[in-house]
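Structure record follows, encoded as structure tokens.
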Amino acid sequence: MLDFHRADLARLAARDRLRVLAPMAGKDFASNDYLGLASHPRLAAAIAEAVGQGVPVGSGGSRLLRGNHPEHEALEAEAAAFFGAEASLYFSSGYTANVAILATLPQRGDLIVHDALVHASMHEGMRLSRAQSVAAAHNDPGAVAQAIRAWRDGGGKGTPWIAVESLYSMDGDTAPLADLYAVAEQHDAMLIVDEAHAPASSERAARVWQRPASGSSPSIPAARRWGAKARWSRGRPSSATIWSIAGGGSSSRPRPRR
Ligand SMILES: Cc1ncc(COP(=O)(O)O)c(C=O)c1O
């Protein structure tokens, strides 16, 4: 078994494709720490102060058991207010947020139409989802609408979901969010926007993000709804937008498995 993996690594090395972990060095053109928060003295001081006052350094368990702390809830309430959302739910990484959203919210009988260039974590979520998924050409709202129409024509009765990023980090282009939102409204679809790179990285993207479509404010399904899945899945959810904002931990981007 291990020989198989060793041979695999040797094959990658022979093709100059073997990746290794290296210590951080030189100027940072690669991380997602756009605002330098990872080493900001005010954050470090706030953490030290909180720990000094007895805030635990680990959750000790799942939040559904004994791992939920008033600090978590205060942070989520503050984030919801800051982002102008109904509610927010924190995950330990953007990767897990995307996996959780796509694996749990779309139901059997739904359709996920995703932009061809969404991050690998969205692909992982779709692999776990009971909904079927289909790719639409990059940044092409017409292709998204067409995919939904074709699915309806083929008898699709569930809820369509549209999964995109607002700012694509590999090419630096932004999604036509207003048009995508219009498609979502027209087809009673849910729009999921992965904001891993947008809020902190450019003023333009931040403006797009604050005003997603025709001046309407985004709505995030309340965290409570995660616990009320039956109510959620019985009726058809109304058109809404879910914003997934990654924490910016990893600097590399795994290739999606197709
Ligand atoms: C678009 C996108 N979504 C999600 C993620 C995952 O975020 P995290 O590194 O916080 O797990 C990344 C990471 O680079 C990303 O680029």
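Each chain of the structure tokens is named A, B, ... in the order shown, its residues numbered from 1; ligands are numbered from 1 in display order.
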
- Just the alpha helix (DSSP H) stuff from segment 49-162 of chain A, please, per backbone DSSP, written as a PyMOL selection string. chain A and resi 49-52+70-83+94-104+120-128+141-153

- Query: When you draw a straight line from atom CA of Gly142 of chain A to atom CA of Tyr181 of chain A, how long is it in Å?
  - Reply: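 We find that atom CA of Gly142 of chain A and atom CA of Tyr181 of chain A lie 11.9 Å from each other.
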
- Where does DSSP see strand (DSSP E) in segment 12-228 of chain A, if you list the residues as a count of residues only? 21

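Residues with any atom within 12 Å of Ala143 of chain A, counting only C-alpha atoms and excluding same-chain neighbours fewer than 4 positions away, are A:Val113, A:His114, A:Asp115, A:Ala116, A:Val134, A:Ala135, A:Ala136, A:Ala137, A:His138, A:Asn139, A:Ala147, A:Ile148, A:Arg149, A:Ala150, A:Ile162, A:Asp179, A:Leu180, A:Val183.
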
Based on the selection just made, write C-alpha atoms of those residues as a PDB file, in the first residue's frame.
```
ATOM      1  CA  VAL A 113     -25.756  25.202 -11.398  1.00  0.00           C
ATOM      2  CA  HIS A 114     -22.185  26.217 -10.637  1.00  0.00           C
ATOM      3  CA  ASP A 115     -19.779  28.473 -12.460  1.00  0.00           C
ATOM      4  CA  ALA A 116     -17.177  26.382 -14.284  1.00  0.00           C
ATOM      5  CA  VAL A 134     -24.106  20.957 -13.597  1.00  0.00           C
ATOM      6  CA  ALA A 135     -21.435  23.456 -14.674  1.00  0.00           C
ATOM      7  CA  ALA A 136     -22.251  26.642 -16.561  1.00  0.00           C
ATOM      8  CA  ALA A 137     -19.743  28.588 -18.643  1.00  0.00           C
ATOM      9  CA  HIS A 138     -17.687  31.037 -16.601  1.00  0.00           C
ATOM     10  CA  ASN A 139     -19.427  34.336 -15.770  1.00  0.00           C
ATOM     11  CA  ALA A 147     -29.196  25.141 -17.563  1.00  0.00           C
ATOM     12  CA  ILE A 148     -32.141  25.794 -15.250  1.00  0.00           C
ATOM     13  CA  ARG A 149     -34.602  25.912 -18.163  1.00  0.00           C
ATOM     14  CA  ALA A 150     -33.245  22.623 -19.587  1.00  0.00           C
ATOM     15  CA  ILE A 162     -26.663  28.977  -8.398  1.00  0.00           C
ATOM     16  CA  ASP A 179     -27.414  39.615 -13.636  1.00  0.00           C
ATOM     17  CA  LEU A 180     -26.997  36.378 -11.697  1.00  0.00           C
ATOM     18  CA  VAL A 183     -31.664  34.996 -13.065  1.00  0.00           C
TER      19      VAL A 183
END
```

- Message: For segment 74-76 of chain A, find every residue with an atom within 8 Å (counting only C-alpha atoms), except residues of its own chain fewer than 6 positions away, and show them as a list in words.
- Response: Ala87, Ser88, Leu89 and Tyr90 of chain A

- Between A:Asp194, A:Glu49, A:Asp110, A:Asp3, single out the one closest to ligand 1, counting only C-alpha atoms and all ligand atoms.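 That would be A:Asp194, the residue with the smallest distance to ligand 1.
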
- Note on the structure: Correct to one decimal, the distance atom CA of Ile101 of chain A-atom CA of Met126 of chain A is 9.2 Å

- Just the residues within 9 Å of segment 164-171 of chain A, please, counting only C-alpha atoms, with nothing from its chain fewer than 5 positions along; format it as number ranges by chain. A: 113-119, 139, 176-177, 191-198, 205, 208-209, 253
